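See below for coords_31.txt, which holds compact mmCIF, C-alpha atoms.
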# COMPACT_ATOMS: atom_id res chain seq x y z
CA MET A 1 -20.49 19.97 154.65
CA ALA A 2 -16.74 19.77 154.25
CA LEU A 3 -14.28 21.74 156.33
CA THR A 4 -13.78 25.24 154.95
CA VAL A 5 -11.01 27.50 156.24
CA ARG A 6 -10.77 31.16 155.29
CA PRO A 7 -8.38 33.81 156.63
CA ILE A 8 -10.12 36.67 158.47
CA ASN A 9 -7.24 38.85 159.64
CA PRO A 10 -7.32 42.10 157.64
CA ARG A 11 -3.61 42.67 158.25
CA ARG A 12 -2.24 39.30 157.18
CA ASN A 13 -3.58 36.26 155.36
CA ASP A 14 -1.43 33.70 157.22
CA PHE A 15 -2.52 34.38 160.81
CA VAL A 16 -6.04 33.61 162.15
CA ALA A 17 -8.76 31.92 160.12
CA GLU A 18 -12.38 30.90 160.52
CA ALA A 19 -13.20 27.20 160.18
CA THR A 20 -16.72 26.16 159.16
CA GLY A 21 -18.40 23.02 157.85
CA VAL A 22 -17.74 20.89 160.96
CA ASP A 23 -20.10 19.87 163.77
CA ILE A 24 -17.85 19.28 166.75
CA ALA A 25 -20.75 18.06 168.90
CA ALA A 26 -21.33 15.21 166.44
CA GLY A 27 -17.64 14.32 166.37
CA VAL A 28 -15.10 14.62 163.56
CA SER A 29 -13.25 12.01 161.55
CA ALA A 30 -9.52 11.43 161.73
CA ALA A 31 -9.22 12.91 158.24
CA THR A 32 -11.03 16.09 159.26
CA ALA A 33 -8.89 16.38 162.38
CA ALA A 34 -5.77 16.03 160.23
CA ALA A 35 -7.03 18.79 157.93
CA ILE A 36 -7.65 21.00 160.95
CA GLU A 37 -4.09 20.43 162.17
CA ASP A 38 -2.79 21.31 158.70
CA ALA A 39 -4.76 24.57 158.92
CA MET A 40 -3.31 25.22 162.37
CA ASP A 41 0.19 24.89 160.90
CA ARG A 42 -0.61 27.75 158.54
CA TYR A 43 -2.85 30.06 160.57
CA ALA A 44 -1.95 29.23 164.22
CA VAL A 45 -5.42 30.38 165.38
CA LEU A 46 -8.72 28.88 164.18
CA ILE A 47 -12.17 30.17 165.09
CA PHE A 48 -15.07 27.69 164.92
CA PRO A 49 -18.32 29.68 165.17
CA ASP A 50 -21.57 28.44 166.69
CA GLN A 51 -20.28 25.20 168.20
CA ARG A 52 -22.90 24.28 170.82
CA ILE A 53 -20.88 21.73 172.72
CA ASP A 54 -20.66 20.39 176.24
CA ASP A 55 -17.45 19.60 178.09
CA ASP A 56 -17.40 15.94 177.07
CA GLN A 57 -17.77 16.84 173.38
CA GLN A 58 -15.09 19.49 173.64
CA TYR A 59 -12.71 17.07 175.34
CA ALA A 60 -13.36 14.33 172.77
CA PHE A 61 -12.59 16.73 169.92
CA SER A 62 -9.40 17.91 171.64
CA THR A 63 -8.02 14.38 171.98
CA HIS A 64 -7.52 14.20 168.20
CA PHE A 65 -4.51 16.49 168.57
CA GLY A 66 -2.39 14.82 171.25
CA PRO A 67 -2.23 13.91 174.95
CA MET A 68 -4.39 15.99 177.23
CA GLU A 69 -3.37 18.16 180.17
CA THR A 70 -5.19 18.25 183.47
CA ALA A 71 -6.31 21.59 184.87
CA THR A 72 -3.59 22.24 187.44
CA GLY A 73 -2.72 25.84 186.61
CA ASP A 74 -5.08 27.65 188.99
CA ILE A 75 -5.28 28.05 192.75
CA VAL A 76 -8.80 26.70 193.26
CA GLN A 77 -8.89 23.77 195.64
CA ARG A 78 -10.37 20.54 194.27
CA ASP A 79 -13.43 20.69 196.54
CA GLU A 80 -14.14 24.23 195.34
CA ARG A 81 -13.94 23.49 191.60
CA ARG A 82 -16.95 23.98 189.32
CA LEU A 83 -15.58 21.77 186.56
CA SER A 84 -13.72 18.50 186.28
CA MET A 85 -9.93 18.36 186.28
CA ASP A 86 -10.10 17.83 182.51
CA ILE A 87 -11.43 21.37 181.97
CA ASN A 88 -9.76 24.68 182.74
CA ASP A 89 -12.34 27.03 184.27
CA ILE A 90 -11.78 30.38 182.55
CA SER A 91 -14.55 32.21 184.32
CA ASN A 92 -15.30 34.65 187.12
CA LEU A 93 -17.73 32.24 188.81
CA ASP A 94 -17.58 30.15 191.97
CA LYS A 95 -18.76 26.55 192.24
CA HIS A 96 -22.35 27.74 192.82
CA GLY A 97 -22.33 29.85 189.64
CA ASN A 98 -22.07 33.17 191.48
CA VAL A 99 -19.80 35.97 190.27
CA LEU A 100 -16.66 36.14 192.38
CA ALA A 101 -16.14 39.11 194.68
CA ARG A 102 -13.73 41.72 193.39
CA ASP A 103 -11.14 40.85 196.05
CA ASP A 104 -11.59 37.06 195.82
CA ARG A 105 -8.16 35.39 195.82
CA SER A 106 -8.86 33.15 192.83
CA ARG A 107 -10.19 36.12 190.83
CA LEU A 108 -7.07 38.17 191.59
CA PHE A 109 -4.86 35.24 190.56
CA GLY A 110 -6.88 34.88 187.36
CA LEU A 111 -6.15 38.47 186.38
CA GLY A 112 -2.81 37.11 185.22
CA ASN A 113 -4.67 35.90 182.12
CA MET A 114 -4.74 39.55 181.04
CA LEU A 115 -0.96 39.50 180.65
CA TRP A 116 0.60 38.22 177.43
CA HIS A 117 1.36 34.54 177.90
CA SER A 118 1.53 31.06 176.40
CA ASP A 119 -0.57 28.47 178.21
CA SER A 120 1.32 26.14 180.55
CA SER A 121 4.78 27.51 179.74
CA PHE A 122 5.22 27.22 183.52
CA LYS A 123 5.03 23.42 183.19
CA ALA A 124 8.06 21.31 182.30
CA THR A 125 6.19 20.09 179.22
CA PRO A 126 4.14 23.08 178.09
CA ALA A 127 0.95 23.22 176.04
CA LYS A 128 0.57 22.48 172.37
CA PHE A 129 -3.01 23.53 171.54
CA SER A 130 -5.61 25.33 173.63
CA LEU A 131 -9.32 25.10 172.78
CA LEU A 132 -11.54 27.69 174.45
CA SER A 133 -15.34 27.46 174.28
CA ALA A 134 -17.51 30.51 175.02
CA ARG A 135 -20.52 29.56 177.13
CA VAL A 136 -21.46 32.97 178.63
CA ILE A 137 -20.08 36.28 177.33
CA PRO A 138 -20.29 39.69 179.06
CA PRO A 139 -22.10 42.41 177.10
CA ASP A 140 -18.91 44.45 176.60
CA GLY A 141 -15.18 43.78 176.66
CA GLY A 142 -13.54 40.48 177.45
CA ASN A 143 -11.94 40.08 174.01
CA THR A 144 -8.93 37.80 173.57
CA GLU A 145 -5.90 39.09 171.68
CA PHE A 146 -3.38 36.87 169.89
CA ALA A 147 0.19 37.65 168.82
CA ASP A 148 2.10 35.78 166.11
CA MET A 149 5.55 34.86 167.40
CA ARG A 150 6.61 33.55 163.97
CA ALA A 151 6.27 36.90 162.25
CA ALA A 152 7.80 38.65 165.26
CA TRP A 153 10.87 36.41 164.93
CA ASP A 154 11.13 36.91 161.18
CA ASP A 155 11.28 40.69 161.61
CA LEU A 156 13.96 40.75 164.32
CA ASP A 157 17.33 42.17 163.38
CA PRO A 158 19.69 39.26 162.49
CA LYS A 159 22.10 40.26 165.26
CA LEU A 160 19.28 40.13 167.79
CA GLN A 161 18.16 36.78 166.40
CA ALA A 162 21.69 35.45 166.92
CA GLU A 163 21.69 36.73 170.51
CA CYS A 164 18.39 34.98 171.22
CA MET A 165 19.42 31.61 169.82
CA GLY A 166 20.37 29.18 172.54
CA LEU A 167 19.04 31.27 175.43
CA VAL A 168 17.06 29.43 178.09
CA CYS A 169 14.45 31.25 180.19
CA GLU A 170 12.84 30.13 183.42
CA HIS A 171 9.05 30.30 183.57
CA SER A 172 6.80 30.37 186.62
CA GLN A 173 3.40 31.72 187.60
CA LEU A 174 5.20 33.20 190.58
CA TYR A 175 6.82 35.62 188.11
CA SER A 176 3.70 36.53 186.14
CA ARG A 177 1.51 37.07 189.21
CA GLY A 178 4.33 39.00 190.89
CA MET A 179 4.12 41.49 188.02
CA LEU A 180 0.61 42.33 189.29
CA GLY A 181 1.63 42.54 192.95
CA PHE A 182 0.18 39.11 193.77
CA PHE A 183 2.69 37.49 196.12
CA GLU A 184 0.46 35.62 198.60
CA PHE A 185 1.32 32.03 197.75
CA THR A 186 1.33 29.08 200.10
CA ASP A 187 4.46 26.96 200.46
CA GLU A 188 2.68 24.23 198.50
CA GLU A 189 1.92 26.64 195.64
CA ARG A 190 5.50 27.91 195.58
CA ALA A 191 6.75 24.35 195.28
CA LYS A 192 4.15 23.53 192.61
CA TRP A 193 5.23 26.50 190.49
CA ALA A 194 8.97 26.27 190.91
CA PRO A 195 10.57 27.78 187.76
CA VAL A 196 11.03 25.50 184.76
CA PRO A 197 13.40 26.00 181.79
CA GLN A 198 12.11 26.82 178.31
CA ARG A 199 13.91 27.75 175.12
CA LEU A 200 13.55 31.38 174.05
CA VAL A 201 13.59 30.32 170.38
CA ARG A 202 11.71 27.27 169.13
CA ARG A 203 11.36 25.47 165.81
CA HIS A 204 7.91 24.22 164.85
CA PRO A 205 8.15 20.44 164.39
CA ARG A 206 5.92 20.33 161.28
CA THR A 207 6.61 23.58 159.43
CA GLY A 208 10.26 24.04 160.44
CA ARG A 209 9.69 27.75 161.13
CA LEU A 210 11.51 29.45 163.99
CA ASN A 211 9.67 31.65 166.47
CA LEU A 212 10.08 33.43 169.75
CA TYR A 213 8.71 31.64 172.81
CA LEU A 214 7.70 34.39 175.21
CA ALA A 215 5.30 34.71 178.14
CA SER A 216 4.75 36.86 181.19
CA HIS A 217 5.71 33.68 183.09
CA ALA A 218 9.33 34.12 181.91
CA GLY A 219 11.23 35.83 184.72
CA THR A 220 14.89 34.97 184.19
CA ILE A 221 17.40 34.00 181.52
CA ARG A 222 19.94 31.44 182.61
CA GLY A 223 23.37 32.99 183.02
CA TRP A 224 22.07 36.60 182.95
CA PRO A 225 21.56 39.04 185.83
CA VAL A 226 17.84 39.22 186.60
CA PRO A 227 17.32 42.96 185.85
CA GLU A 228 19.05 42.63 182.47
CA ALA A 229 17.09 39.49 181.62
CA ARG A 230 13.75 41.05 182.47
CA LEU A 231 14.52 44.19 180.49
CA PHE A 232 15.54 42.07 177.49
CA LEU A 233 12.36 39.98 177.71
CA LYS A 234 10.27 43.14 178.10
CA ASP A 235 11.80 44.61 174.94
CA LEU A 236 11.17 41.39 173.01
CA THR A 237 7.56 41.28 174.20
CA GLU A 238 6.98 44.89 173.19
CA HIS A 239 8.34 44.06 169.74
CA ALA A 240 6.29 40.87 169.40
CA THR A 241 2.98 42.46 170.40
CA GLN A 242 3.02 45.38 168.01
CA ARG A 243 -0.27 45.91 166.19
CA GLU A 244 1.01 44.35 162.96
CA TYR A 245 1.53 40.99 164.73
CA THR A 246 -1.74 40.87 166.70
CA TYR A 247 -5.40 40.03 166.22
CA ALA A 248 -8.28 40.70 168.63
CA HIS A 249 -11.13 38.20 168.78
CA ARG A 250 -14.51 39.58 169.81
CA TRP A 251 -16.31 36.62 171.39
CA ARG A 252 -19.76 35.44 170.36
CA PRO A 253 -21.71 32.83 172.33
CA PHE A 254 -20.65 29.29 171.35
CA ASP A 255 -17.44 30.31 169.58
CA LEU A 256 -14.71 27.72 169.93
CA VAL A 257 -11.24 29.19 169.42
CA MET A 258 -8.20 26.95 169.00
CA TRP A 259 -4.61 28.17 169.01
CA ASP A 260 -1.06 26.85 168.92
CA ASN A 261 0.75 27.87 172.10
CA ARG A 262 4.09 26.96 170.56
CA VAL A 263 3.89 29.93 168.17
CA VAL A 264 1.26 32.27 169.67
CA MET A 265 0.93 34.42 172.76
CA HIS A 266 -2.48 35.61 173.91
CA ARG A 267 -4.15 37.68 176.59
CA ALA A 268 -7.69 38.43 177.78
CA ARG A 269 -8.93 42.01 177.96
CA ARG A 270 -10.86 43.76 180.71
CA TYR A 271 -14.62 43.59 181.13
CA ASP A 272 -17.21 44.47 183.78
CA HIS A 273 -16.19 42.23 186.69
CA THR A 274 -19.81 42.05 187.92
CA ALA A 275 -21.00 40.46 184.65
CA PRO A 276 -20.70 36.66 184.29
CA ARG A 277 -18.04 35.43 181.88
CA ASP A 278 -17.80 31.68 181.45
CA LEU A 279 -15.38 29.99 179.06
CA HIS A 280 -14.16 26.39 179.22
CA ARG A 281 -10.70 25.42 178.02
CA THR A 282 -9.26 22.06 177.10
CA THR A 283 -5.51 21.89 176.65
CA VAL A 284 -3.43 19.54 174.54
CA ALA A 285 0.05 18.92 175.95
CA ASP A 286 3.19 19.23 173.86
CA CYS A 287 5.31 16.17 173.08
CA ALA A 288 8.24 16.95 175.41
CA PRO A 289 10.04 19.73 177.32
CA THR A 290 11.29 22.42 174.95
CA LEU A 291 14.93 21.65 175.80
CA ASP A 292 14.37 18.11 174.51
CA GLN A 293 12.99 19.31 171.19
CA PRO A 294 15.34 19.93 168.25
CA ILE A 295 16.12 23.51 167.29

Translate the structure described by the file into structure tokens.
Amino acid sequence: MALTVRPINPRRNDFVAEATGVDIAAGVSAATAAAIEDAMDRYAVLIFPDQRIDDDQQYAFSTHFGPMETATGDIVQRDERRLSMDINDISNLDKHGNVLARDDRSRLFGLGNMLWHSDSSFKATPAKFSLLSARVIPPDGGNTEFADMRAAWDDLDPKLQAECMGLVCEHSQLYSRGMLGFFEFTDEERAKWAPVPQRLVRRHPRTGRLNLYLASHAGTIRGWPVPEARLFLKDLTEHATQREYTYAHRWRPFDLVMWDNRVVMHRARRYDHTAPRDLHRTTVADCAPTLDQPI
């Protein structure tokens, strides 16, 4: 079967599509990968249903789209990890497969995934694509919501667009977790997540479209007082996550969802914390820091 892509968002036909006709476990050709990237340029989020893949197959598929990140965005020590450093462990499980206690430190840190964010915006070179594979899904809840930062930019008042152009934010997981009252970081973690600069407005390198680049990790705007910057970013986030710009994905076992972090924010939703939830994420790195990319 050939790749087939069809939009599935009832609100808009240019944001979120389902991709069928590919068997990721068997591998894809360079031509198919190029067609997938073309579809990503249009829809920003692609859902591949019923992809029964292991981590090696997921990683091999991901490498078609650029250099790969290592999983350095959590607080789990290497000897406590369930998965390799190639795979981000988006689960509520410990290395023995047991559900984490409600007050477990790594679980509390992971609750930050329920805030609107863009993956790895806290890294000097942030993420390009994320690919998230559903291995075990709780019976209720645990959806992932996506917000289209292209449409949110297009609908901003021109005066507000002009104010946003050229602004540089500083991103850190210290900011996003602080929003939840999580402040218990080691000195090593504070150094690891020192704030990094990111443009507030970006231009997609292939489509040329402008978009907002927001995340809960953004805690300051260079040259602005902190309270004013955070209020401004809060207002922009509220605008960008209105219902008309968002889509909620209800997970099914073996879904693989792929999204473009350069133009999309996302967040997980709540679920029964005693039920296992196990998703594995591979992450494709962007080409350079946002300040080095043309606007």

Restrict the calculation to only C-alpha atoms, then for each residue of range 43-136 of chain A with any atom at most 8 Å from an atom of range 205-224 of chain A give the closest atom pair and their distance in Å to one decimal, rows by chain and rising residue number, as a tab-separated table.
residue	atom	partner	partner_atom	distance
A:Leu115	CA	A:Ser216	CA	6.3
A:Trp116	CA	A:Ser216	CA	5.8
A:His117	CA	A:Ala215	CA	4.0
A:Ser118	CA	A:Ala215	CA	5.5
A:Ser121	CA	A:His217	CA	7.1
A:Phe122	CA	A:His217	CA	6.5

- request: Can you work out which one of A:Arg252, A:Arg199, A:Lys159, A:Arg243 has the shortest atom-to-atom distance to Arg52 in chain A, counting all atoms listed in the file?
  value: A:Arg252

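The gap separating CA of Leu200 in chain A from CA of His64 in chain A is 27.8 Å, in Å to one decimal.
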
task: Step by step: start from the point (-2.2, 33.7, 195.0) in the file's coordinates, keep every protein, DNA or RNA residue that has an atom no farther than 6 Å from it, count only C-alpha atoms, and write the set as a VMD selection string.
output: chain A and resid 109 184 to 185

Let me have the centre and edge lengths in Å, one decimal, of the box along x, y and z around every listed atom of range 2-5 of chain A with 3 Å of margin on each side, as JSON.
{"center_x": -13.9, "center_y": 23.6, "center_z": 155.3, "size_x": 11.7, "size_y": 13.7, "size_z": 8.1}

message: Quick one: residues within 10 Å of Val22 in chain A, all atoms listed in the file, excluding same-chain residues fewer than 5 positions away - as a ChimeraX atom specification?
response: /A:1-4,27-29,32,48-49,51

Would you kindly return, as a compact mmCIF listing (two decimals) with C-alpha atoms, keeping the file's coordinate frame, each protein, DNA or RNA residue with an atom no farther than 9 Å from any atom of Leu291 in chain A, considering all atoms listed in the file and excluding same-chain residues fewer than 3 positions away?
# COMPACT_ATOMS: atom_id res chain seq x y z
CA VAL A 168 17.06 29.43 178.09
CA PRO A 197 13.40 26.00 181.79
CA GLN A 198 12.11 26.82 178.31
CA ARG A 199 13.91 27.75 175.12
CA ALA A 288 8.24 16.95 175.41
CA PRO A 294 15.34 19.93 168.25
CA ILE A 295 16.12 23.51 167.29

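The gap separating CA of Val5 in chain A from CA of Met114 in chain A is 28.3 Å, in Å to one decimal.
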
- line: Correct to one decimal, the distance CA of Val284 in chain A-CA of Gly66 in chain A is 5.8 Å

field: Nearest to Ser133 in chain A, chosen from A:Ser91, A:Thr70, A:Asn9, A:Ser84, with only C-alpha atoms counted in the distances
entry: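 Once distances to Ser133 in chain A are computed over only C-alpha atoms, the minimum belongs to A:Ser91.
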
Distance cut-off 8 Å, centre (-11.7, 19.0, 180.3) in file coordinates, counting all atoms listed in the file: which residues qualify? Return them as an mmCIF file with C-alpha atoms, in the frame of the given file.
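To be explicit, this is the file written out as result_10.cif:
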data_model
loop_
_atom_site.group_PDB
_atom_site.id
_atom_site.type_symbol
_atom_site.label_atom_id
_atom_site.label_comp_id
_atom_site.auth_asym_id
_atom_site.auth_seq_id
_atom_site.Cartn_x
_atom_site.Cartn_y
_atom_site.Cartn_z
ATOM 1 C CA ASP A 55 -17.450 19.600 178.090
ATOM 2 C CA ASP A 56 -17.400 15.940 177.070
ATOM 3 C CA GLN A 58 -15.090 19.490 173.640
ATOM 4 C CA TYR A 59 -12.710 17.070 175.340
ATOM 5 C CA THR A 70 -5.190 18.250 183.470
ATOM 6 C CA ALA A 71 -6.310 21.590 184.870
ATOM 7 C CA LEU A 83 -15.580 21.770 186.560
ATOM 8 C CA SER A 84 -13.720 18.500 186.280
ATOM 9 C CA MET A 85 -9.930 18.360 186.280
ATOM 10 C CA ASP A 86 -10.100 17.830 182.510
ATOM 11 C CA ILE A 87 -11.430 21.370 181.970
ATOM 12 C CA ASN A 88 -9.760 24.680 182.740
ATOM 13 C CA HIS A 280 -14.160 26.390 179.220
ATOM 14 C CA ARG A 281 -10.700 25.420 178.020
ATOM 15 C CA THR A 282 -9.260 22.060 177.100
ATOM 16 C CA THR A 283 -5.510 21.890 176.650
#

Within 12 Å of Gly97 in chain A, counting all atoms listed in the file, which residues show up once you throw out same-chain ones fewer than 6 positions away? Write them as a PDB file with C-alpha atoms, keeping the file's coordinate frame, please.
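So the final result, stored in result.pdb, reads:
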ATOM      1  CA  GLU A  80     -14.140  24.230 195.340  1.00  0.00           C
ATOM      2  CA  ARG A  81     -13.940  23.490 191.600  1.00  0.00           C
ATOM      3  CA  ARG A  82     -16.950  23.980 189.320  1.00  0.00           C
ATOM      4  CA  LEU A  83     -15.580  21.770 186.560  1.00  0.00           C
ATOM      5  CA  ASP A  89     -12.340  27.030 184.270  1.00  0.00           C
ATOM      6  CA  SER A  91     -14.550  32.210 184.320  1.00  0.00           C
ATOM      7  CA  VAL A 136     -21.460  32.970 178.630  1.00  0.00           C
ATOM      8  CA  ALA A 275     -21.000  40.460 184.650  1.00  0.00           C
ATOM      9  CA  PRO A 276     -20.700  36.660 184.290  1.00  0.00           C
ATOM     10  CA  ARG A 277     -18.040  35.430 181.880  1.00  0.00           C
ATOM     11  CA  ASP A 278     -17.800  31.680 181.450  1.00  0.00           C
TER      12      ASP A 278
END

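Considering the residues A:Asp292, A:Ala162, A:Glu228, A:Phe146 and counting all atoms listed in the file, Ala240 in chain A has its shortest atom-to-atom contact with A:Phe146.
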
Write out N, CA and C atoms for range 12-38 of chain A, as a tab-separated table (two decimals), keeping the file's coordinate frame.
chain	number	residue	atom	x	y	z
A	12	ARG	N	-3.08	40.34	157.76
A	12	ARG	CA	-2.24	39.30	157.18
A	12	ARG	C	-3.10	38.09	156.85
A	13	ASN	N	-2.76	37.41	155.77
A	13	ASN	CA	-3.58	36.26	155.36
A	13	ASN	C	-3.03	34.93	155.83
A	14	ASP	N	-2.01	34.96	156.73
A	14	ASP	CA	-1.43	33.70	157.22
A	14	ASP	C	-1.52	33.59	158.74
A	15	PHE	N	-2.38	34.41	159.35
A	15	PHE	CA	-2.52	34.38	160.81
A	15	PHE	C	-3.98	34.64	161.16
A	16	VAL	N	-4.65	33.64	161.69
A	16	VAL	CA	-6.04	33.61	162.15
A	16	VAL	C	-6.99	33.35	160.98
A	17	ALA	N	-7.78	32.29	161.13
A	17	ALA	CA	-8.76	31.92	160.12
A	17	ALA	C	-10.02	31.41	160.80
A	18	GLU	N	-11.11	31.45	160.05
A	18	GLU	CA	-12.38	30.90	160.52
A	18	GLU	C	-12.58	29.55	159.86
A	19	ALA	N	-12.98	28.56	160.67
A	19	ALA	CA	-13.20	27.20	160.18
A	19	ALA	C	-14.68	26.86	160.30
A	20	THR	N	-15.30	26.51	159.18
A	20	THR	CA	-16.72	26.16	159.16
A	20	THR	C	-16.88	24.80	158.47
A	21	GLY	N	-18.11	24.29	158.51
A	21	GLY	CA	-18.40	23.02	157.85
A	21	GLY	C	-18.14	21.81	158.72
A	22	VAL	N	-17.93	22.01	160.04
A	22	VAL	CA	-17.74	20.89	160.96
A	22	VAL	C	-18.73	21.04	162.12
A	23	ASP	N	-19.21	19.92	162.59
A	23	ASP	CA	-20.10	19.87	163.77
A	23	ASP	C	-19.35	19.13	164.86
A	24	ILE	N	-18.71	19.89	165.73
A	24	ILE	CA	-17.85	19.28	166.75
A	24	ILE	C	-18.67	18.43	167.72
A	25	ALA	N	-19.90	18.84	168.00
A	25	ALA	CA	-20.75	18.06	168.90
A	25	ALA	C	-21.00	16.65	168.37
A	26	ALA	N	-21.08	16.52	167.06
A	26	ALA	CA	-21.33	15.21	166.44
A	26	ALA	C	-20.07	14.39	166.28
A	27	GLY	N	-18.90	15.01	166.53
A	27	GLY	CA	-17.64	14.32	166.37
A	27	GLY	C	-17.07	14.54	164.98
A	28	VAL	N	-15.75	14.44	164.86
A	28	VAL	CA	-15.10	14.62	163.56
A	28	VAL	C	-14.26	13.38	163.25
A	29	SER	N	-14.05	13.14	161.98
A	29	SER	CA	-13.25	12.01	161.55
A	29	SER	C	-11.77	12.31	161.73
A	30	ALA	N	-10.97	11.26	161.66
A	30	ALA	CA	-9.52	11.43	161.73
A	30	ALA	C	-9.03	12.29	160.57
A	31	ALA	N	-9.63	12.13	159.41
A	31	ALA	CA	-9.22	12.91	158.24
A	31	ALA	C	-9.52	14.39	158.44
A	32	THR	N	-10.69	14.69	159.00
A	32	THR	CA	-11.03	16.09	159.26
A	32	THR	C	-10.11	16.68	160.32
A	33	ALA	N	-9.81	15.91	161.36
A	33	ALA	CA	-8.89	16.38	162.38
A	33	ALA	C	-7.51	16.67	161.79
A	34	ALA	N	-7.06	15.81	160.87
A	34	ALA	CA	-5.77	16.03	160.23
A	34	ALA	C	-5.79	17.30	159.39
A	35	ALA	N	-6.91	17.56	158.72
A	35	ALA	CA	-7.03	18.79	157.93
A	35	ALA	C	-7.04	20.02	158.83
A	36	ILE	N	-7.66	19.89	159.99
A	36	ILE	CA	-7.65	21.00	160.95
A	36	ILE	C	-6.23	21.28	161.43
A	37	GLU	N	-5.48	20.22	161.72
A	37	GLU	CA	-4.09	20.43	162.17
A	37	GLU	C	-3.25	21.05	161.05
A	38	ASP	N	-3.49	20.67	159.81
A	38	ASP	CA	-2.79	21.31	158.70
A	38	ASP	C	-3.10	22.81	158.66
